[in-house]
$ cat structure.txt   # compact mmCIF, C-alpha atoms
# COMPACT_ATOMS: atom_id res chain seq x y z
CA MET A 1 -22.13 95.86 -5.79
CA ALA A 2 -19.52 93.67 -7.45
CA SER A 3 -19.81 93.45 -11.22
CA PHE A 4 -17.27 90.64 -11.47
CA ARG A 5 -17.80 86.92 -11.27
CA TYR A 6 -16.68 85.22 -8.06
CA LYS A 7 -13.59 83.07 -8.58
CA THR A 8 -13.87 80.18 -6.17
CA PHE A 9 -12.84 76.58 -5.69
CA GLY A 10 -14.14 73.35 -4.27
CA TYR A 11 -14.27 69.60 -4.88
CA ALA A 12 -16.02 68.16 -7.93
CA ALA A 13 -16.85 64.82 -9.50
CA PRO A 14 -15.37 65.24 -13.01
CA SER A 15 -17.10 62.22 -14.55
CA VAL A 16 -19.02 59.03 -13.78
CA GLY A 17 -17.08 56.80 -11.40
CA ALA A 18 -14.31 59.31 -10.73
CA ARG A 19 -13.21 60.31 -7.26
CA LEU A 20 -13.97 63.87 -6.22
CA GLN A 21 -11.01 66.20 -6.74
CA PRO A 22 -10.08 69.89 -6.35
CA PHE A 23 -11.85 72.11 -8.85
CA SER A 24 -11.61 75.84 -9.59
CA PHE A 25 -14.61 77.62 -11.12
CA GLU A 26 -16.58 80.88 -11.12
CA ARG A 27 -19.82 81.92 -9.47
CA ARG A 28 -22.00 84.45 -11.26
CA ALA A 29 -21.69 88.16 -10.56
CA LEU A 30 -24.26 89.43 -8.08
CA ARG A 31 -27.64 90.34 -9.47
CA PRO A 32 -29.63 93.01 -7.62
CA ASN A 33 -31.46 90.46 -5.43
CA ASP A 34 -28.51 88.11 -4.82
CA VAL A 35 -26.68 87.18 -1.63
CA ALA A 36 -23.04 86.06 -1.71
CA MET A 37 -21.79 83.93 1.16
CA GLU A 38 -18.67 82.29 2.41
CA ILE A 39 -19.51 78.65 3.11
CA LEU A 40 -18.57 77.56 6.64
CA TYR A 41 -20.03 74.05 6.79
CA CYS A 42 -21.59 71.67 4.29
CA GLY A 43 -23.41 68.45 5.11
CA VAL A 44 -22.82 65.27 3.11
CA CYS A 45 -26.08 63.77 1.86
CA HIS A 46 -26.59 60.34 0.32
CA SER A 47 -28.01 62.24 -2.67
CA ASP A 48 -24.54 63.76 -3.20
CA LEU A 49 -23.08 60.28 -3.59
CA HIS A 50 -25.91 59.16 -5.90
CA TRP A 51 -25.43 62.22 -8.10
CA ALA A 52 -21.64 61.99 -8.18
CA ARG A 53 -21.94 58.40 -9.38
CA ASN A 54 -24.92 58.96 -11.71
CA ASP A 55 -26.99 56.35 -9.87
CA TRP A 56 -30.22 57.98 -11.06
CA GLY A 57 -29.09 58.39 -14.66
CA TRP A 58 -29.44 62.16 -15.06
CA SER A 59 -26.23 63.62 -13.58
CA ASN A 60 -24.29 66.41 -15.31
CA TYR A 61 -20.52 66.84 -15.05
CA PRO A 62 -18.31 68.23 -13.70
CA VAL A 63 -20.44 68.67 -10.58
CA VAL A 64 -19.69 70.19 -7.19
CA PRO A 65 -22.14 68.41 -4.83
CA GLY A 66 -23.51 69.70 -1.53
CA HIS A 67 -26.96 71.05 -0.67
CA GLU A 68 -26.80 71.34 3.12
CA ILE A 69 -25.03 74.67 3.39
CA VAL A 70 -24.34 77.02 6.29
CA GLY A 71 -22.36 80.21 5.75
CA ARG A 72 -21.77 83.89 6.39
CA VAL A 73 -22.97 86.72 4.13
CA ILE A 74 -20.08 88.57 2.50
CA GLU A 75 -21.97 90.75 -0.01
CA VAL A 76 -25.54 91.61 -1.00
CA GLY A 77 -27.15 93.11 -4.07
CA PRO A 78 -28.85 96.55 -3.88
CA GLU A 79 -32.37 95.09 -3.79
CA VAL A 80 -31.65 92.67 -0.94
CA THR A 81 -33.69 93.58 2.16
CA ARG A 82 -33.66 90.39 4.24
CA PHE A 83 -29.93 89.97 4.90
CA LYS A 84 -26.81 91.98 5.57
CA VAL A 85 -23.08 91.33 5.53
CA GLY A 86 -22.08 89.19 8.51
CA ASP A 87 -25.40 87.34 8.91
CA HIS A 88 -25.28 83.59 9.39
CA VAL A 89 -27.39 82.04 6.66
CA ALA A 90 -28.21 78.69 5.10
CA VAL A 91 -29.14 77.22 1.71
CA GLY A 92 -30.77 73.86 1.08
CA CYS A 93 -31.60 71.74 -1.94
CA MET A 94 -32.87 74.46 -4.28
CA VAL A 95 -31.74 77.92 -5.30
CA ASP A 96 -34.57 79.12 -7.55
CA SER A 97 -38.05 78.43 -8.93
CA CYS A 98 -40.45 80.20 -11.27
CA GLN A 99 -41.97 82.19 -8.35
CA HIS A 100 -45.30 82.66 -10.17
CA CYS A 101 -47.06 79.27 -10.40
CA ASP A 102 -49.70 78.25 -7.86
CA GLN A 103 -47.24 76.10 -5.91
CA CYS A 104 -44.61 78.82 -5.65
CA ARG A 105 -47.21 81.39 -4.63
CA LYS A 106 -48.29 79.24 -1.69
CA GLY A 107 -44.73 78.62 -0.52
CA GLU A 108 -44.26 75.15 -2.04
CA GLU A 109 -41.32 76.05 -4.26
CA GLN A 110 -40.08 72.45 -4.13
CA LEU A 111 -43.18 71.55 -6.19
CA CYS A 112 -42.79 74.38 -8.72
CA ARG A 113 -44.80 73.59 -11.87
CA GLU A 114 -41.78 74.55 -14.00
CA GLY A 115 -39.39 72.61 -11.78
CA ASN A 116 -37.22 74.14 -9.09
CA THR A 117 -33.53 74.80 -9.74
CA GLY A 118 -31.34 72.41 -7.78
CA THR A 119 -28.45 73.74 -5.76
CA TYR A 120 -26.17 71.57 -7.88
CA GLY A 121 -26.67 69.88 -11.22
CA GLY A 122 -29.46 72.27 -12.21
CA PHE A 123 -29.39 75.13 -14.68
CA ASP A 124 -29.56 78.83 -13.90
CA ARG A 125 -32.89 80.25 -15.08
CA ILE A 126 -31.21 83.26 -16.69
CA THR A 127 -27.77 82.18 -17.95
CA GLN A 128 -28.46 78.42 -18.28
CA GLU A 129 -25.06 77.67 -16.71
CA MET A 130 -25.01 74.60 -14.46
CA THR A 131 -25.41 75.22 -10.75
CA GLN A 132 -22.67 74.02 -8.40
CA GLY A 133 -23.12 73.13 -4.76
CA GLY A 134 -21.68 73.56 -1.33
CA TYR A 135 -18.44 71.58 -1.44
CA SER A 136 -16.88 74.95 -2.21
CA LYS A 137 -15.71 78.20 -0.66
CA HIS A 138 -18.41 80.60 -1.89
CA LEU A 139 -22.03 80.59 -3.06
CA VAL A 140 -24.24 83.17 -4.79
CA VAL A 141 -28.03 82.75 -4.38
CA ARG A 142 -31.12 84.92 -4.84
CA GLN A 143 -32.35 86.14 -1.46
CA GLU A 144 -35.69 84.33 -1.69
CA PHE A 145 -33.84 81.01 -1.31
CA VAL A 146 -31.56 82.05 1.54
CA LEU A 147 -32.54 81.09 5.09
CA ARG A 148 -31.71 82.76 8.38
CA VAL A 149 -29.81 80.64 10.90
CA PRO A 150 -31.39 81.38 14.30
CA ASP A 151 -29.20 82.51 17.16
CA GLY A 152 -28.20 79.61 19.36
CA LEU A 153 -28.25 76.96 16.63
CA ASP A 154 -24.83 75.27 16.49
CA LEU A 155 -23.42 76.22 13.08
CA SER A 156 -21.12 73.20 13.02
CA ARG A 157 -24.04 70.76 13.30
CA ALA A 158 -26.93 72.60 11.66
CA ALA A 159 -26.15 71.89 7.98
CA PRO A 160 -27.97 68.52 7.68
CA LEU A 161 -31.19 70.22 8.73
CA LEU A 162 -31.27 71.72 5.23
CA CYS A 163 -31.96 68.32 3.64
CA ALA A 164 -32.26 65.44 6.12
CA GLY A 165 -34.11 67.72 8.52
CA ILE A 166 -36.63 69.27 6.15
CA THR A 167 -37.16 65.98 4.28
CA THR A 168 -38.47 64.42 7.49
CA TYR A 169 -40.05 67.53 9.01
CA SER A 170 -42.22 68.26 5.97
CA PRO A 171 -44.27 65.03 6.11
CA LEU A 172 -44.63 65.39 9.87
CA ARG A 173 -46.23 68.81 9.28
CA THR A 174 -48.22 67.71 6.21
CA TRP A 175 -49.85 64.90 8.20
CA ASN A 176 -50.37 67.12 11.28
CA VAL A 177 -48.20 65.20 13.72
CA GLY A 178 -48.44 66.44 17.29
CA PRO A 179 -49.09 65.25 20.84
CA GLY A 180 -50.83 61.87 20.74
CA SER A 181 -49.76 61.04 17.18
CA ARG A 182 -48.37 57.55 16.68
CA VAL A 183 -45.38 57.69 14.35
CA GLY A 184 -43.25 54.85 13.03
CA VAL A 185 -39.82 55.39 11.46
CA ILE A 186 -38.31 52.74 9.19
CA GLY A 187 -34.53 52.99 9.23
CA LEU A 188 -32.22 54.84 11.60
CA GLY A 189 -29.67 56.51 9.35
CA GLY A 190 -29.23 60.15 8.37
CA LEU A 191 -32.92 60.67 7.57
CA GLY A 192 -34.29 58.25 10.15
CA HIS A 193 -32.52 59.71 13.16
CA MET A 194 -33.82 63.18 12.24
CA ALA A 195 -37.36 61.80 11.84
CA VAL A 196 -37.13 60.38 15.36
CA LYS A 197 -35.83 63.61 16.89
CA LEU A 198 -38.36 65.82 15.11
CA ALA A 199 -41.40 63.60 15.72
CA SER A 200 -40.45 63.33 19.37
CA GLY A 201 -40.00 67.11 19.53
CA LEU A 202 -43.52 67.53 18.15
CA GLY A 203 -44.89 65.36 20.96
CA ALA A 204 -45.55 62.14 19.08
CA HIS A 205 -45.16 58.60 20.37
CA VAL A 206 -42.30 57.32 18.20
CA THR A 207 -41.41 53.75 17.23
CA VAL A 208 -38.29 52.87 15.27
CA MET A 209 -38.59 49.83 13.00
CA SER A 210 -35.42 47.85 12.38
CA ARG A 211 -34.59 44.36 11.14
CA THR A 212 -32.60 43.58 14.30
CA PRO A 213 -32.77 44.71 17.93
CA ASP A 214 -29.21 46.08 17.79
CA LYS A 215 -30.31 49.71 17.46
CA ARG A 216 -32.68 49.74 20.43
CA ALA A 217 -30.38 51.74 22.71
CA ASP A 218 -29.61 54.26 19.97
CA ALA A 219 -33.30 54.65 19.08
CA LEU A 220 -34.26 55.35 22.69
CA ALA A 221 -31.35 57.77 23.15
CA LEU A 222 -32.54 59.75 20.11
CA GLY A 223 -36.03 60.14 21.59
CA ALA A 224 -37.95 57.08 20.39
CA ASN A 225 -40.33 55.38 22.80
CA ARG A 226 -39.60 51.87 21.53
CA LEU A 227 -38.03 49.73 18.82
CA LEU A 228 -40.06 47.26 16.77
CA VAL A 229 -38.10 44.39 15.20
CA SER A 230 -39.58 44.02 11.72
CA THR A 231 -38.31 40.44 11.33
CA ASP A 232 -40.20 39.30 14.45
CA PRO A 233 -43.60 37.99 13.19
CA GLU A 234 -45.21 38.06 16.64
CA ALA A 235 -44.12 41.63 17.37
CA MET A 236 -45.30 42.77 13.94
CA ALA A 237 -48.68 41.10 14.41
CA GLN A 238 -49.13 42.83 17.76
CA ALA A 239 -48.37 46.18 16.08
CA HIS A 240 -51.27 45.79 13.60
CA ASP A 241 -53.33 49.02 13.19
CA SER A 242 -51.11 50.97 15.59
CA PHE A 243 -49.68 53.87 13.56
CA ASP A 244 -51.11 57.08 12.15
CA LEU A 245 -47.99 57.79 10.08
CA ILE A 246 -44.98 55.73 9.09
CA ILE A 247 -41.97 57.54 7.62
CA ASP A 248 -39.95 55.18 5.41
CA THR A 249 -36.37 56.43 5.14
CA VAL A 250 -34.82 53.34 3.49
CA PRO A 251 -32.75 54.59 0.49
CA ASN A 252 -32.95 51.51 -1.73
CA LYS A 253 -35.45 49.08 -3.23
CA HIS A 254 -37.34 47.18 -0.52
CA ASP A 255 -40.62 45.49 0.40
CA LEU A 256 -43.41 47.67 1.83
CA ASN A 257 -45.86 44.81 2.40
CA PRO A 258 -44.83 44.00 6.00
CA TYR A 259 -45.46 47.60 7.08
CA LEU A 260 -48.84 48.37 5.49
CA PRO A 261 -50.95 46.41 8.03
CA LEU A 262 -49.29 48.41 10.81
CA LEU A 263 -51.18 51.53 9.72
CA ASP A 264 -54.46 52.38 11.38
CA VAL A 265 -57.52 53.34 9.33
CA ASP A 266 -56.64 56.39 7.22
CA GLY A 267 -52.99 55.93 8.14
CA THR A 268 -50.22 56.86 5.70
CA LEU A 269 -46.85 55.36 4.90
CA VAL A 270 -44.77 58.13 3.36
CA LEU A 271 -41.64 57.43 1.33
CA VAL A 272 -38.77 59.89 1.77
CA GLY A 273 -35.73 57.71 1.06
CA GLN A 274 -35.99 55.55 -2.05
CA ILE A 275 -36.06 57.25 -5.45
CA GLY A 276 -36.87 54.55 -7.96
CA PRO A 277 -38.46 51.07 -8.05
CA LEU A 278 -39.97 49.26 -5.08
CA ASP A 279 -40.82 45.60 -4.64
CA GLU A 280 -44.30 44.56 -5.81
CA MET A 281 -46.95 45.76 -3.37
CA SER A 282 -50.32 44.24 -2.48
CA SER A 283 -53.36 46.51 -2.54
CA VAL A 284 -55.23 44.37 0.01
CA PRO A 285 -54.20 46.21 3.19
CA LEU A 286 -54.71 49.54 1.42
CA LEU A 287 -58.26 48.74 0.35
CA LEU A 288 -59.38 46.97 3.51
CA GLY A 289 -57.95 49.56 5.89
CA ARG A 290 -58.33 52.75 3.83
CA ARG A 291 -54.59 53.15 4.15
CA ARG A 292 -52.27 55.15 1.89
CA VAL A 293 -48.76 55.08 0.48
CA ALA A 294 -47.45 58.54 -0.35
CA GLY A 295 -44.22 60.28 -1.25
CA SER A 296 -42.76 63.53 0.04
CA PRO A 297 -39.75 65.59 -1.12
CA ILE A 298 -38.19 68.48 0.79
CA GLY A 299 -40.34 71.36 2.06
CA GLY A 300 -40.69 74.91 0.79
CA ILE A 301 -38.60 77.85 1.94
CA ALA A 302 -41.07 79.05 4.59
CA GLU A 303 -41.40 75.54 6.02
CA THR A 304 -37.61 75.13 6.07
CA GLN A 305 -37.28 78.39 8.01
CA GLU A 306 -39.97 77.11 10.37
CA LEU A 307 -37.88 73.96 10.86
CA LEU A 308 -34.73 75.92 11.69
CA ASP A 309 -36.61 78.07 14.19
CA PHE A 310 -38.26 74.98 15.73
CA CYS A 311 -34.89 73.23 16.10
CA ALA A 312 -33.39 76.31 17.74
CA ARG A 313 -36.25 76.48 20.26
CA LYS A 314 -36.13 72.75 21.01
CA ASN A 315 -32.34 72.38 20.75
CA ILE A 316 -32.75 69.64 18.13
CA LEU A 317 -29.63 68.99 16.08
CA PRO A 318 -28.39 66.14 13.89
CA GLU A 319 -25.80 63.73 15.22
CA THR A 320 -22.75 64.56 13.13
CA GLU A 321 -19.14 63.68 12.45
CA THR A 322 -16.98 66.56 11.21
CA ILE A 323 -14.58 65.82 8.37
CA ARG A 324 -12.05 67.71 6.27
CA MET A 325 -12.80 68.44 2.63
CA ASP A 326 -9.99 66.13 1.50
CA GLU A 327 -11.66 63.24 3.34
CA ILE A 328 -14.77 63.32 1.15
CA ASN A 329 -13.97 60.24 -0.95
CA GLU A 330 -13.38 58.16 2.17
CA ALA A 331 -16.62 59.57 3.61
CA TYR A 332 -18.50 58.36 0.51
CA GLU A 333 -17.01 54.89 0.94
CA ARG A 334 -18.03 54.87 4.60
CA MET A 335 -21.56 55.99 3.70
CA GLU A 336 -21.89 52.99 1.39
CA ARG A 337 -20.92 50.76 4.33
CA SER A 338 -23.35 52.63 6.65
CA ASP A 339 -20.29 53.56 8.72
CA VAL A 340 -21.46 56.95 9.94
CA ARG A 341 -23.46 58.09 12.97
CA TYR A 342 -25.43 59.75 11.51
CA ARG A 343 -24.32 62.51 9.17
CA PHE A 344 -20.99 63.82 7.91
CA VAL A 345 -20.41 67.60 7.93
CA ILE A 346 -17.46 69.17 6.11
CA ASP A 347 -15.69 71.98 7.98
CA MET A 348 -14.93 74.25 5.03
CA VAL A 349 -12.01 75.93 6.78
CA SER A 350 -10.21 72.75 5.67
CA LEU A 351 -10.75 73.67 2.00
CA THR A 352 -7.71 75.46 0.64
CA ALA A 353 -6.89 76.31 -2.95
$ encode --input "structure.txt" --output "structure tokens"
Amino acid sequence: MASFRYKTFGYAAPSVGARLQPFSFERRALRPNDVAMEILYCGVCHSDLHWARNDWGWSNYPVVPGHEIVGRVIEVGPEVTRFKVGDHVAVGCMVDSCQHCDQCRKGEEQLCREGNTGTYGGFDRITQEMTQGGYSKHLVVRQEFVLRVPDGLDLSRAAPLLCAGITTYSPLRTWNVGPGSRVGVIGLGGLGHMAVKLASGLGAHVTVMSRTPDKRADALALGANRLLVSTDPEAMAQAHDSFDLIIDTVPNKHDLNPYLPLLDVDGTLVLVGQIGPLDEMSSVPLLLGRRRVAGSPIGGIAETQELLDFCARKNILPETETIRMDEINEAYERMERSDVRYRFVIDMVSLTA
């Protein structure tokens, strides 16, 4: 087992408002239960952009973003039993948790009572050094937070499953979506298109909700049964009480009031996109229809592995555009313009020191 720290390199945001730039740094030396990997692909999440620009107000710098990571094992610690050199593996939004609270013990590490350790911008539970993400050549992670990439899953497209995929799969599983379920999806971006594919794969009747009819063909091609134009009062009135679950993937402040009456009795609108304030909401449709508004983060490690295995069986993959590492700043600008269908993935062979 290596006793040295891994010298590696990537792209980092050095400060608020700065463009990402090449950055050399060190990964920790392997601990007995650690896995070291060479990163092959890394997805580009809207959260990466928010963090790089400190949109949420708690970013740390310099930061190497990236939490949708697919790679190949290059070394393992002596206590590692789940992986071997050469395995294709993946890492998502977290790299550690306390492992002993009630949430961790039941496989809900994302809800760790002590807070999980983010793949980037968090702090190592032993050394307290800041974690750095997947826009880099190498990664060192404890084996409990490493996932197996199933045979047959396209490595070049699988990375967004580690965030966009699990963020939408987890509420589908929490609210027991299956054949006969009526699912609405608000928004058809990186999260929304995965919600459509996964809900359809689980057998649900899926409706995409959009402000214009322009995305109808795309929605149907992704597996939706129909598109509901949310600015059409007559269509919205006809959709009253027609959904068991609505997944809201919109990533900014918006009005929930038009969507609440669409839920059936005991229906739930679950927020997975916006982190922060929402427009003022009326309690009337909640009280009169016994409806709910809920939130959902990513899933736990076991559920994320379940997602990867499910996607391999069903051949469900994100729609992606592959970019070079040196195109990341332009990719961020395009994301802000919604000029991507539907997820960027960085081919890390393009990253050179």
$ residues_near_point --input "structure.txt" --point "(-29.1, 63.3, 8.7)" --cutoff "8 Å" --atoms "all atoms listed in the file" --output "NGL selection string"
:A and (45 or 160-161 or 163-165 or 189-194 or 318-320 or 342-343)
$ residues_around --input "structure.txt" --residues "segment 16-22 of chain A" --least-positions-apart "2" --cutoff "9 Å" --atoms "only C-alpha atoms" --output "ChimeraX atom specification"
/A:9-14,24,52-54,59,61,64,326,328-329,353
$ residues_around --input "structure.txt" --residues "Arg291 of chain A" --least-positions-apart "6" --cutoff "6 Å" --atoms "only C-alpha atoms" --output "list in words"
Val265, Asp266, Gly267 and Thr268 of chain A
$ write_last_selection --input "structure.txt" --atoms "C-alpha atoms" --output "PDB file, in the coordinates of the input"
ATOM      1  CA  VAL A 265     -57.520  53.340   9.330  1.00  0.00           C
ATOM      2  CA  ASP A 266     -56.640  56.390   7.220  1.00  0.00           C
ATOM      3  CA  GLY A 267     -52.990  55.930   8.140  1.00  0.00           C
ATOM      4  CA  THR A 268     -50.220  56.860   5.700  1.00  0.00           C
TER       5      THR A 268
END
$ closest_residue --input "structure.txt" --among "A:Gly133, A:Pro258, A:Pro213, A:Gly57" --to "Arg27 of chain A" --atoms "only C-alpha atoms"
A:Gly133
$ closest_residue --input "structure.txt" --among "A:Thr8, A:Gln128, A:Ser170, A:Thr322" --to "Glu303 of chain A" --atoms "all atoms listed in the file"
A:Ser170
$ atom_distance --input "structure.txt" --atom1 "atom CA of Leu260 of chain A" --atom2 "atom CA of Ile166 of chain A"
24.2 Å
$ closest_residue --input "structure.txt" --among "A:Arg148, A:Arg157, A:Arg337, A:Arg28" --to "Gln305 of chain A" --atoms "all atoms listed in the file"
A:Arg148
$ closest_atom_pairs --input "structure.txt" --of "segment 250-350 of chain A" --to "segment 101-107 of chain A" --cutoff "10 Å" --atoms "only C-alpha atoms" --output "Markdown table"
| residue | atom | partner | partner_atom | distance |
| --- | --- | --- | --- | --- |
| A:Gly299 | CA | A:Gly107 | CA | 8.9 |
| A:Gly300 | CA | A:Gly107 | CA | 5.6 |
| A:Ile301 | CA | A:Gly107 | CA | 6.6 |
| A:Ala302 | CA | A:Gly107 | CA | 6.3 |
| A:Glu303 | CA | A:Gly107 | CA | 8.0 |
$ atom_distance --input "structure.txt" --atom1 "atom CA of Gln143 of chain A" --atom2 "atom CA of Val80 of chain A"
6.6 Å
$ residues_around --input "structure.txt" --residues "Ala29 of chain A" --least-positions-apart "2" --cutoff "10 Å" --atoms "only C-alpha atoms" --output "count of residues only"
15
$ closest_residue --input "structure.txt" --among "A:Asn60, A:Thr174, A:Ser181, A:Thr212" --to "Gly122 of chain A" --atoms "only C-alpha atoms"
A:Asn60
$ closest_residue --input "structure.txt" --among "A:Leu202, A:Arg313, A:Glu38, A:Glu280" --to "Gly86 of chain A" --atoms "all atoms listed in the file"
A:Glu38
$ axis_aligned_box --input "structure.txt" --around "segment 232-242 of chain A" --padding-each-side "6 Å" --output "AutoDock Vina command-line options"
--center_x -46.8 --center_y 44.5 --center_z 15.5 --size_x 25.1 --size_y 25.0 --size_z 16.6
$ residues_around --input "structure.txt" --residues "Asn315 of chain A" --least-positions-apart "2" --cutoff "12 Å" --atoms "all atoms listed in the file" --output "PyMOL selection string"
chain A and resi 150-154+157-158+197-198+201+307-313+317-318
$ write_last_selection --input "structure.txt" --atoms "C-alpha atoms" --output "mmCIF file, keeping the file's coordinate frame"
data_model
loop_
_atom_site.group_PDB
_atom_site.id
_atom_site.type_symbol
_atom_site.label_atom_id
_atom_site.label_comp_id
_atom_site.auth_asym_id
_atom_site.auth_seq_id
_atom_site.Cartn_x
_atom_site.Cartn_y
_atom_site.Cartn_z
ATOM 1 C CA PRO A 150 -31.390 81.380 14.300
ATOM 2 C CA ASP A 151 -29.200 82.510 17.160
ATOM 3 C CA GLY A 152 -28.200 79.610 19.360
ATOM 4 C CA LEU A 153 -28.250 76.960 16.630
ATOM 5 C CA ASP A 154 -24.830 75.270 16.490
ATOM 6 C CA ARG A 157 -24.040 70.760 13.300
ATOM 7 C CA ALA A 158 -26.930 72.600 11.660
ATOM 8 C CA LYS A 197 -35.830 63.610 16.890
ATOM 9 C CA LEU A 198 -38.360 65.820 15.110
ATOM 10 C CA GLY A 201 -40.000 67.110 19.530
ATOM 11 C CA LEU A 307 -37.880 73.960 10.860
ATOM 12 C CA LEU A 308 -34.730 75.920 11.690
ATOM 13 C CA ASP A 309 -36.610 78.070 14.190
ATOM 14 C CA PHE A 310 -38.260 74.980 15.730
ATOM 15 C CA CYS A 311 -34.890 73.230 16.100
ATOM 16 C CA ALA A 312 -33.390 76.310 17.740
ATOM 17 C CA ARG A 313 -36.250 76.480 20.260
ATOM 18 C CA LEU A 317 -29.630 68.990 16.080
ATOM 19 C CA PRO A 318 -28.390 66.140 13.890
#
$ closest_residue --input "structure.txt" --among "A:Arg324, A:Arg290, A:Arg82, A:His88" --to "Met348 of chain A" --atoms "only C-alpha atoms"
A:Arg324
$ atom_distance --input "structure.txt" --atom1 "atom CA of Val270 of chain A" --atom2 "atom CA of Ser282 of chain A"
16.1 Å
$ residues_around --input "structure.txt" --residues "Gly43 of chain A" --least-positions-apart "6" --cutoff "7 Å" --atoms "only C-alpha atoms" --output "PDB file with C-alpha atoms, in the coordinates of the input"
ATOM      1  CA  GLY A  66     -23.510  69.700  -1.530  1.00  0.00           C
ATOM      2  CA  GLU A  68     -26.800  71.340   3.120  1.00  0.00           C
ATOM      3  CA  ILE A  69     -25.030  74.670   3.390  1.00  0.00           C
ATOM      4  CA  ALA A 159     -26.150  71.890   7.980  1.00  0.00           C
ATOM      5  CA  PRO A 160     -27.970  68.520   7.680  1.00  0.00           C
ATOM      6  CA  PHE A 344     -20.990  63.820   7.910  1.00  0.00           C
ATOM      7  CA  VAL A 345     -20.410  67.600   7.930  1.00  0.00           C
ATOM      8  CA  ILE A 346     -17.460  69.170   6.110  1.00  0.00           C
TER       9      ILE A 346
END
$ residues_near_point --input "structure.txt" --point "(-31.9, 78.7, -16.5)" --cutoff "12 Å" --atoms "only C-alpha atoms" --output "VMD selection string"
chain A and resid 95 to 98 114 to 118 121 to 131
$ decode --input "structure.txt" --residues "segment 214-228 of chain A" --atoms "N, CA and C atoms" --output "short mmCIF file (atom, residue, chain, number, x, y, z; two decimals), in the first residue's frame"
data_model
loop_
_atom_site.label_atom_id
_atom_site.label_comp_id
_atom_site.auth_asym_id
_atom_site.auth_seq_id
_atom_site.Cartn_x
_atom_site.Cartn_y
_atom_site.Cartn_z
N ASP A 214 -43.21 23.70 -26.82
CA ASP A 214 -42.04 23.46 -27.67
C ASP A 214 -41.33 22.14 -27.38
N LYS A 215 -41.44 21.66 -26.13
CA LYS A 215 -40.68 20.47 -25.74
C LYS A 215 -41.49 19.18 -25.86
N ARG A 216 -42.65 19.26 -26.50
CA ARG A 216 -43.50 18.07 -26.58
C ARG A 216 -42.78 16.90 -27.24
N ALA A 217 -42.17 17.12 -28.38
CA ALA A 217 -41.50 16.02 -29.10
C ALA A 217 -40.37 15.44 -28.27
N ASP A 218 -39.59 16.31 -27.62
CA ASP A 218 -38.50 15.81 -26.77
C ASP A 218 -39.05 14.99 -25.60
N ALA A 219 -40.10 15.49 -24.96
CA ALA A 219 -40.68 14.79 -23.82
C ALA A 219 -41.15 13.39 -24.21
N LEU A 220 -41.81 13.29 -25.33
CA LEU A 220 -42.31 11.98 -25.78
C LEU A 220 -41.15 11.07 -26.14
N ALA A 221 -40.12 11.62 -26.78
CA ALA A 221 -38.96 10.80 -27.16
C ALA A 221 -38.24 10.25 -25.94
N LEU A 222 -38.27 10.98 -24.83
CA LEU A 222 -37.61 10.53 -23.60
C LEU A 222 -38.42 9.51 -22.83
N GLY A 223 -39.69 9.30 -23.21
CA GLY A 223 -40.51 8.29 -22.55
C GLY A 223 -41.76 8.81 -21.90
N ALA A 224 -41.99 10.14 -21.95
CA ALA A 224 -43.21 10.69 -21.37
C ALA A 224 -44.42 10.29 -22.21
N ASN A 225 -45.57 10.23 -21.57
CA ASN A 225 -46.82 9.93 -22.26
C ASN A 225 -47.48 11.18 -22.84
N ARG A 226 -47.21 12.33 -22.21
CA ARG A 226 -47.80 13.57 -22.73
C ARG A 226 -47.07 14.77 -22.14
N LEU A 227 -47.37 15.95 -22.73
CA LEU A 227 -46.86 17.21 -22.21
C LEU A 227 -48.04 18.09 -21.83
N LEU A 228 -47.98 18.67 -20.64
CA LEU A 228 -49.02 19.57 -20.15
C LEU A 228 -48.45 20.99 -20.14
#
